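Read the structure below first, then the notes.
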Amino acid sequence: MFLPSALKMSSRVSGHLEKAEEEEEEEEEEEDEEGSVNPTEVKMSQIVMPCHSNHQQELSVGQLLKWIDSSACLSAERHAGCPCVTASMDDIHFEHTISVGQVVNIKAKVNRAFNTSMEVGVQVSCEDLFLDRHWRVCHAYATFVTQRKNTGQKVILKPIVPHTEKEQVEYSVAAERRRVRMLHDDIIKDLLSHGSVLQADSWAVGSAVAAEKTKVESVELVLPPHANHQVNTFGGQIMAWMLNVATIAASRLSQAHPTLRTIDMFTFRGPSQVGDRLLLRAIVNNAFKNSMEVGVRAEADQEEGPNRHINSAFMTFEVLDAHRKPCTLPRIRPEPLEGGRRFQEAIARKKIRLDRKYIISRKQGEVPLSVPWDPRNQVYLSYNNVSALKMLAARNKWRLSSEKDKVRLYTMEQKSTLSFRVESKVDVPAHRAFCLLAELSNRPSWDIHYQ
Ligand code: COA
Ligand code: ADP
């Protein structure tokens, strides 16, 4: 059994992984282990028609979000056996666009159930029927929560039992992702309070564009076709509307058609129903050299009293030139009141995104960047560390350096990096080992060095 005994060290080590060994076949759809049928798995395949596309004959991301949300919801409800609502959808990185005529294949399955909430992992790939090729488009993690009974009672979920090795990894890491998700706002505050992000004075430059110029406000009336099977506003539809206003804000800054790269998180704070008027507001929070962050807020307009806050999200856009290279963007001058804070928070979100991206990137050699461990990034890098450790452990260049008391120390040297791996064989049934390793709180019972 391989014991990852030095999680702290892992981000430093893995930040130096080399390109040649790092590259994986990107165009293969990941196959499940033979013979395993996951009862929560839901598959959806759609041919992209002109009615699903944008002005560039590519699948509109809003449509894709609707399909992702439906598949994830069906998977969640298959596990729960009762109606569920979307609580959040996070960490979506778009790697490729999809053209009209191609097929989108979506696979959703429940990675882990907690009390009333569960994480659903969604993989999206594209298929070219004529060339017989498949490639990854994006993956996403959605959290669904069981709807309370009419009596107001919560519905507690039965646990997921992971069978394949891949399911076990997702199961363990899902708990870490949940922790990071719930701490997200605190992590941003922490980064800002410790001065870990650059101070923003770049708006002082004369050519900076006033953020107000990018402001968008739009209203949508929720009609029956926008509702889901529980007669709430369909989460995918809300995301599509939010993306629409964000795209307009990004276009106003760049005066071009922007391409969506990432969505940090959609947080569904409260339900909305048919008949609601949804107010959607967006503005560019910050513009970096080649990318910009747009924030969106959705509220339900109330006849009386303050509006209900329904959702907020942050999206990153680029503008691509004719060779699909990102163009340089104008700087932004934030709005006087909330603008300065949002400008800074956008820098913090970018730092988190990049730190995470490089640590698990499949092509790290392209960007010679490492992410040294420090107490502030340990929280948001934690599950990426697990992925990085797995990649390191799988290498075949480990050399046995010493062995004492049945503990083996392996080393691996690559360029300027020296990695260590400590291996100890223990005689316990595999499922017991998995239970011990899957919960961090169990660690003191098997790792005497934990403190
Ligand atoms: N991301 C992930 N999980 C979240 C979350 C978020 N932003 N907010 C709450 N949760 C989880 C909690 O961790 C908890 O999980 P657990 O029971 O497994 O421990 C569960 O949701 C319930 O939390 P609780 O505090 O009891 O509920 P809440 O009052 O915060 O309500 C929602 C949570 C999601 C039910 C509520 O915010 C809601 O109704 N949102 C709108 C949903 C919607 O309309 N979606 C679109 C249409 S389907
Ligand atoms: P925060 O202000 O902390 O970012 P909010 O949920 O209030 O969180 O808003 C999310 C994002 O929505 C903001 O960062 C901003 O980009 C955008 N936004 C909020 N209010 C407005 C508004 N009145 N006009 C335009 N955009 C807005």
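Residues in the structure tokens are numbered from 1 in each chain, the chains being A, B, ... in the order shown, and ligands are numbered from 1 in the order shown.
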Compile a residue-level contact table for chain A against ligand 2 at a cut-off of 8 Å, reporting for every qualifying residue the shortest atom pair and its distance in Å to one decimal, with only C-alpha atoms and all ligand atoms counted, rows ordered by chain and ascending number, as a Markdown table.
| residue | atom | partner | partner_atom_place_in_ligand_line | distance |
| --- | --- | --- | --- | --- |
| A:Lys215 | CA | ligand 2 | 25 (C) | 5.2 |
| A:Val216 | CA | ligand 2 | 25 (C) | 6.0 |
| A:Glu217 | CA | ligand 2 | 24 (N) | 6.6 |
| A:Arg281 | CA | ligand 2 | 25 (C) | 4.4 |
| A:Ala282 | CA | ligand 2 | 26 (N) | 3.6 |
| A:Ile283 | CA | ligand 2 | 26 (N) | 4.3 |
| A:Val284 | CA | ligand 2 | 16 (O) | 6.0 |
| A:Asn285 | CA | ligand 2 | 16 (O) | 5.3 |
| A:Val294 | CA | ligand 2 | 16 (O) | 5.6 |
| A:Gly295 | CA | ligand 2 | 16 (O) | 3.1 |
| A:Val296 | CA | ligand 2 | 12 (O) | 3.5 |
| A:Arg297 | CA | ligand 2 | 12 (O) | 4.0 |
| A:Ala298 | CA | ligand 2 | 12 (O) | 7.8 |
| A:His309 | CA | ligand 2 | 6 (O) | 7.8 |
| A:Asn311 | CA | ligand 2 | 6 (O) | 7.1 |
| A:Ser312 | CA | ligand 2 | 6 (O) | 4.7 |
| A:Ala313 | CA | ligand 2 | 10 (C) | 6.1 |
| A:Phe314 | CA | ligand 2 | 11 (C) | 6.8 |
| A:Glu338 | CA | ligand 2 | 2 (O) | 6.6 |
| A:Arg341 | CA | ligand 2 | 2 (O) | 7.9 |
| A:Arg342 | CA | ligand 2 | 14 (O) | 5.5 |
| A:Glu345 | CA | ligand 2 | 4 (O) | 7.6 |
Could you give me, as a CSV table (one decimal) with N, CA, C and O atoms, in the first residue's frame, every polymer residue with an atom at most 8 Å away from an atom of ligand 1, counting only C-alpha atoms and all ligand atoms?
chain,number,residue,atom,x,y,z
A,73,CYS,N,-28.8,16.4,-12.8
A,73,CYS,CA,-30.0,16.3,-11.9
A,73,CYS,C,-30.6,14.9,-12.0
A,73,CYS,O,-31.0,14.3,-11.0
A,84,CYS,N,-34.5,16.6,-6.4
A,84,CYS,CA,-33.3,17.3,-5.9
A,84,CYS,C,-33.2,18.7,-6.7
A,84,CYS,O,-33.6,18.8,-7.8
A,85,VAL,N,-32.5,19.6,-6.0
A,85,VAL,CA,-32.2,20.9,-6.6
A,85,VAL,C,-30.7,21.2,-6.7
A,85,VAL,O,-30.0,20.6,-5.9
A,86,THR,N,-30.4,22.0,-7.7
A,86,THR,CA,-29.0,22.3,-7.9
A,86,THR,C,-28.6,23.3,-6.8
A,86,THR,O,-29.2,24.4,-6.7
A,87,ALA,N,-27.5,23.0,-6.1
A,87,ALA,CA,-27.0,24.0,-5.1
A,87,ALA,C,-25.9,24.8,-5.6
A,87,ALA,O,-25.7,26.0,-5.4
A,88,SER,N,-25.0,24.1,-6.4
A,88,SER,CA,-23.9,24.8,-7.0
A,88,SER,C,-23.3,24.0,-8.2
A,88,SER,O,-23.6,22.8,-8.3
A,89,MET,N,-22.6,24.7,-9.0
A,89,MET,CA,-21.9,24.1,-10.2
A,89,MET,C,-20.6,24.8,-10.2
A,89,MET,O,-20.5,26.0,-10.4
A,113,ALA,N,-22.2,10.9,-1.6
A,113,ALA,CA,-23.4,11.5,-1.0
A,113,ALA,C,-23.0,11.9,0.5
A,113,ALA,O,-22.3,11.1,1.1
A,114,PHE,N,-23.4,13.1,0.9
A,114,PHE,CA,-23.1,13.5,2.3
A,114,PHE,C,-24.3,13.3,3.1
A,114,PHE,O,-24.8,12.2,3.2
A,115,ASN,N,-24.9,14.4,3.6
A,115,ASN,CA,-26.2,14.2,4.4
A,115,ASN,C,-27.4,14.4,3.5
A,115,ASN,O,-28.0,13.4,3.0
A,116,THR,N,-27.6,15.7,3.1
A,116,THR,CA,-28.7,15.9,2.2
A,116,THR,C,-28.2,16.3,0.8
A,116,THR,O,-28.9,16.5,-0.1
A,117,SER,N,-26.9,16.5,0.7
A,117,SER,CA,-26.3,16.9,-0.5
A,117,SER,C,-25.4,15.8,-1.1
A,117,SER,O,-24.9,15.0,-0.4
A,118,MET,N,-25.1,15.9,-2.4
A,118,MET,CA,-24.2,15.0,-3.0
A,118,MET,C,-23.5,15.7,-4.2
A,118,MET,O,-24.0,16.6,-4.7
A,142,ALA,N,-21.1,19.2,-9.8
A,142,ALA,CA,-22.3,19.9,-9.4
A,142,ALA,C,-22.7,19.4,-8.0
A,142,ALA,O,-22.5,18.2,-7.7
A,143,THR,N,-23.3,20.2,-7.2
A,143,THR,CA,-23.8,19.7,-5.9
A,143,THR,C,-25.3,19.8,-6.0
A,143,THR,O,-25.9,20.9,-6.3
A,144,PHE,N,-26.0,18.7,-5.7
A,144,PHE,CA,-27.4,18.7,-5.6
A,144,PHE,C,-27.9,18.4,-4.2
A,144,PHE,O,-27.2,17.7,-3.5
A,145,VAL,N,-29.0,19.0,-3.8
A,145,VAL,CA,-29.6,18.8,-2.5
A,145,VAL,C,-31.0,18.2,-2.6
A,145,VAL,O,-31.7,18.6,-3.5
A,146,THR,N,-31.3,17.3,-1.7
A,146,THR,CA,-32.6,16.7,-1.8
A,146,THR,C,-33.7,17.8,-1.3
A,146,THR,O,-33.4,18.5,-0.4
A,147,GLN,N,-34.8,17.7,-2.0
A,147,GLN,CA,-35.8,18.7,-1.6
A,147,GLN,C,-36.5,18.2,-0.4
A,147,GLN,O,-36.8,17.0,-0.2
A,156,ILE,N,-32.5,12.5,4.0
A,156,ILE,CA,-31.1,12.1,4.2
A,156,ILE,C,-30.7,11.0,3.2
A,156,ILE,O,-31.5,10.1,2.9
A,178,ARG,N,-15.6,19.4,-1.4
A,178,ARG,CA,-16.7,20.0,-0.6
A,178,ARG,C,-16.2,21.0,0.4
A,178,ARG,O,-16.8,22.1,0.6
A,181,ARG,N,-15.2,24.1,-1.3
A,181,ARG,CA,-16.3,24.8,-1.8
A,181,ARG,C,-17.0,25.6,-0.7
A,181,ARG,O,-17.3,26.8,-0.9
A,182,MET,N,-17.1,25.0,0.5
A,182,MET,CA,-17.8,25.7,1.6
A,182,MET,C,-16.9,26.8,2.2
A,182,MET,O,-17.4,27.8,2.7
A,228,ASN,N,-38.5,23.5,-14.5
A,228,ASN,CA,-38.1,22.1,-14.5
A,228,ASN,C,-39.3,21.2,-14.0
A,228,ASN,O,-40.4,21.7,-13.8
A,230,GLN,N,-40.0,20.1,-11.4
A,230,GLN,CA,-40.5,20.4,-10.0
A,230,GLN,C,-41.2,21.8,-10.0
A,230,GLN,O,-41.4,22.3,-9.0
A,232,ASN,N,-39.9,24.6,-10.5
A,232,ASN,CA,-39.0,25.7,-10.2
A,232,ASN,C,-38.3,26.1,-11.5
A,232,ASN,O,-38.3,25.4,-12.4
A,233,THR,N,-37.7,27.3,-11.4
A,233,THR,CA,-36.9,27.7,-12.6
A,233,THR,C,-35.8,26.8,-12.8
A,233,THR,O,-35.0,26.5,-11.8
A,234,PHE,N,-35.6,26.2,-14.0
A,234,PHE,CA,-34.6,25.2,-14.3
A,234,PHE,C,-33.2,25.9,-14.1
A,234,PHE,O,-32.9,26.9,-14.7
A,235,GLY,N,-32.4,25.2,-13.3
A,235,GLY,CA,-31.1,25.8,-13.0
A,235,GLY,C,-30.3,26.0,-14.3
A,235,GLY,O,-29.6,27.1,-14.4
A,236,GLY,N,-30.3,25.1,-15.3
A,236,GLY,CA,-29.6,25.3,-16.5
A,236,GLY,C,-30.0,26.6,-17.2
A,236,GLY,O,-29.2,27.3,-17.8
A,238,ILE,N,-31.2,29.3,-15.8
A,238,ILE,CA,-30.7,30.5,-15.0
A,238,ILE,C,-29.2,30.7,-15.4
A,238,ILE,O,-28.8,31.8,-15.7
A,267,THR,N,-23.6,29.6,-7.7
A,267,THR,CA,-24.1,29.3,-6.4
A,267,THR,C,-25.6,29.6,-6.4
A,267,THR,O,-26.0,30.8,-6.5
A,268,PHE,N,-26.5,28.6,-6.3
A,268,PHE,CA,-27.9,28.8,-6.3
A,268,PHE,C,-28.3,29.0,-4.8
A,268,PHE,O,-28.5,28.1,-4.0
A,269,ARG,N,-28.5,30.3,-4.5
A,269,ARG,CA,-28.8,30.7,-3.1
A,269,ARG,C,-30.2,30.5,-2.7
A,269,ARG,O,-30.5,30.3,-1.5
A,270,GLY,N,-31.1,30.6,-3.6
A,270,GLY,CA,-32.5,30.4,-3.3
A,270,GLY,C,-33.3,30.1,-4.5
A,270,GLY,O,-32.9,30.3,-5.6
A,271,PRO,N,-34.5,29.5,-4.3
A,271,PRO,CA,-35.2,29.0,-5.5
A,271,PRO,C,-36.0,30.2,-6.2
A,271,PRO,O,-36.1,31.2,-5.6
A,272,SER,N,-36.3,29.9,-7.4
A,272,SER,CA,-37.1,30.8,-8.2
A,272,SER,C,-38.2,30.0,-8.9
A,272,SER,O,-38.0,28.9,-9.2
A,310,ILE,N,-30.7,35.3,-6.0
A,310,ILE,CA,-30.9,33.9,-6.5
A,310,ILE,C,-29.5,33.2,-6.8
A,310,ILE,O,-29.3,32.1,-6.5
Once DSSP has gone over the backbone, tell me which residues of stretch 26-235 of chain A are in alpha helix (DSSP H), as a PyMOL selection string. chain A and resi 61-80+165-193+235
Selected residues written out with C-alpha atoms, as a PDB file, in the first residue's frame:
ATOM      1  CA  VAL A  61     -22.235  27.329 -23.788  1.00  0.00           C
ATOM      2  CA  GLY A  62     -25.659  28.253 -22.370  1.00  0.00           C
ATOM      3  CA  GLN A  63     -27.174  25.256 -24.170  1.00  0.00           C
ATOM      4  CA  LEU A  64     -24.349  23.038 -22.946  1.00  0.00           C
ATOM      5  CA  LEU A  65     -24.965  24.172 -19.343  1.00  0.00           C
ATOM      6  CA  LYS A  66     -28.642  23.202 -19.700  1.00  0.00           C
ATOM      7  CA  TRP A  67     -27.693  19.697 -20.867  1.00  0.00           C
ATOM      8  CA  ILE A  68     -25.085  19.360 -18.097  1.00  0.00           C
ATOM      9  CA  ASP A  69     -27.593  20.446 -15.442  1.00  0.00           C
ATOM     10  CA  SER A  70     -30.304  18.037 -16.714  1.00  0.00           C
ATOM     11  CA  SER A  71     -27.943  15.042 -16.832  1.00  0.00           C
ATOM     12  CA  ALA A  72     -26.512  15.829 -13.391  1.00  0.00           C
ATOM     13  CA  CYS A  73     -29.999  16.278 -11.916  1.00  0.00           C
ATOM     14  CA  LEU A  74     -31.175  12.925 -13.339  1.00  0.00           C
ATOM     15  CA  SER A  75     -28.126  11.205 -11.873  1.00  0.00           C
ATOM     16  CA  ALA A  76     -28.675  12.846  -8.468  1.00  0.00           C
ATOM     17  CA  GLU A  77     -32.357  11.903  -8.442  1.00  0.00           C
ATOM     18  CA  ARG A  78     -31.559   8.342  -9.469  1.00  0.00           C
ATOM     19  CA  HIS A  79     -29.446   8.035  -6.330  1.00  0.00           C
ATOM     20  CA  ALA A  80     -31.738  10.018  -4.047  1.00  0.00           C
ATOM     21  CA  GLU A 165     -10.467   2.456  -8.399  1.00  0.00           C
ATOM     22  CA  LYS A 166     -11.537   5.611 -10.217  1.00  0.00           C
ATOM     23  CA  GLU A 167     -14.754   5.803  -8.201  1.00  0.00           C
ATOM     24  CA  GLN A 168     -12.807   5.384  -4.965  1.00  0.00           C
ATOM     25  CA  VAL A 169     -10.494   8.246  -5.854  1.00  0.00           C
ATOM     26  CA  GLU A 170     -13.416  10.498  -6.771  1.00  0.00           C
ATOM     27  CA  TYR A 171     -15.178   9.478  -3.564  1.00  0.00           C
ATOM     28  CA  SER A 172     -12.220  10.491  -1.391  1.00  0.00           C
ATOM     29  CA  VAL A 173     -11.443  13.684  -3.224  1.00  0.00           C
ATOM     30  CA  ALA A 174     -15.125  14.744  -3.254  1.00  0.00           C
ATOM     31  CA  ALA A 175     -14.922  15.362   0.506  1.00  0.00           C
ATOM     32  CA  GLU A 176     -11.958  17.684  -0.037  1.00  0.00           C
ATOM     33  CA  ARG A 177     -13.720  19.501  -2.858  1.00  0.00           C
ATOM     34  CA  ARG A 178     -16.749  20.007  -0.620  1.00  0.00           C
ATOM     35  CA  ARG A 179     -14.566  21.459   2.127  1.00  0.00           C
ATOM     36  CA  VAL A 180     -12.925  23.887  -0.324  1.00  0.00           C
ATOM     37  CA  ARG A 181     -16.337  24.803  -1.795  1.00  0.00           C
ATOM     38  CA  MET A 182     -17.753  25.706   1.603  1.00  0.00           C
ATOM     39  CA  LEU A 183     -14.608  27.682   2.519  1.00  0.00           C
ATOM     40  CA  HIS A 184     -14.365  29.484  -0.820  1.00  0.00           C
ATOM     41  CA  ASP A 185     -15.372  32.952   0.415  1.00  0.00           C
ATOM     42  CA  ASP A 186     -13.099  32.659   3.471  1.00  0.00           C
ATOM     43  CA  ILE A 187     -10.148  31.642   1.293  1.00  0.00           C
ATOM     44  CA  ILE A 188     -10.592  34.789  -0.832  1.00  0.00           C
ATOM     45  CA  LYS A 189     -10.801  36.980   2.275  1.00  0.00           C
ATOM     46  CA  ASP A 190      -7.758  35.265   3.740  1.00  0.00           C
ATOM     47  CA  LEU A 191      -5.698  35.782   0.578  1.00  0.00           C
ATOM     48  CA  LEU A 192      -6.635  39.466   0.495  1.00  0.00           C
ATOM     49  CA  SER A 193      -6.030  40.089   4.176  1.00  0.00           C
ATOM     50  CA  GLY A 235     -31.059  25.763 -13.013  1.00  0.00           C
TER      51      GLY A 235
END
For each of A:Ile263, A:Met49, A:Cys327, A:Ala210, take the minimum atom-to-atom distance to A:Lys350, counting only C-alpha atoms, then give the residue where this is smallest. A:Ile263
Counting only C-alpha atoms, what are the residues of stretch 271-336 of chain A within 12 Å of stretch 91-110 of chain A, and for each of them which pair of atoms is the nearest and at what distance in Å, to one decimal? Sort the table by chain and rising number, as JSON lines.
{"residue": "A:Ala313", "atom": "CA", "partner": "A:Asp91", "partner_atom": "CA", "distance": 11.0}
{"residue": "A:Phe314", "atom": "CA", "partner": "A:Asp91", "partner_atom": "CA", "distance": 10.4}
{"residue": "A:Met315", "atom": "CA", "partner": "A:Ile92", "partner_atom": "CA", "distance": 9.5}
{"residue": "A:Thr316", "atom": "CA", "partner": "A:His93", "partner_atom": "CA", "distance": 9.5}
{"residue": "A:Phe317", "atom": "CA", "partner": "A:Phe94", "partner_atom": "CA", "distance": 10.5}
{"residue": "A:Glu318", "atom": "CA", "partner": "A:Phe94", "partner_atom": "CA", "distance": 11.6}
{"residue": "A:Arg324", "atom": "CA", "partner": "A:His96", "partner_atom": "CA", "distance": 11.5}
Looking only at strand (DSSP E) from DSSP on the backbone, list the matching residues of stretch 281-358 of chain A as a ChimeraX atom specification. /A:281-287,292-301,308-318,332-333
Counting only C-alpha atoms, figure out which residue out of A:Ser251, A:Asp276, A:Ala211, A:Trp135 gets nearest to A:Leu223.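 Among the listed residues, A:Asp276 lies closest to A:Leu223.
Of the residues listed (A:Lys149, A:Arg277, A:Lys325, A:Arg112), A:Lys325 shows the shortest atom-to-atom separation from A:Asn290; distances use only C-alpha atoms.
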Work out how far apart atom CA of A:Ser402 and atom CA of A:Val426 are and give it in Å to one decimal.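 Going from atom CA of A:Ser402 over to atom CA of A:Val426, I get 17.9 Å.
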For a quick check of understanding, using only C-alpha atoms, which of A:Thr40, A:Ser125, A:Ser53, A:Ser419 has the smallest distance to A:Ser401?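 Distance minimum relative to A:Ser401 lands on A:Ser419.
The spacing separating atom CA of A:Phe266 from atom CA of A:Gln237 amounts to 12.2 Å.
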Quote the spacing between atom CA of A:Leu329 and atom CA of A:Ala249 in Å to one decimal place.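 Result for atom CA of A:Leu329 versus atom CA of A:Ala249: 13.5 Å, one decimal.
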Which residue out of A:Asp301, A:Asp447, A:Glu423, A:Glu212 has the minimum interatomic distance to A:Arg333 when only C-alpha atoms are used? A:Glu212
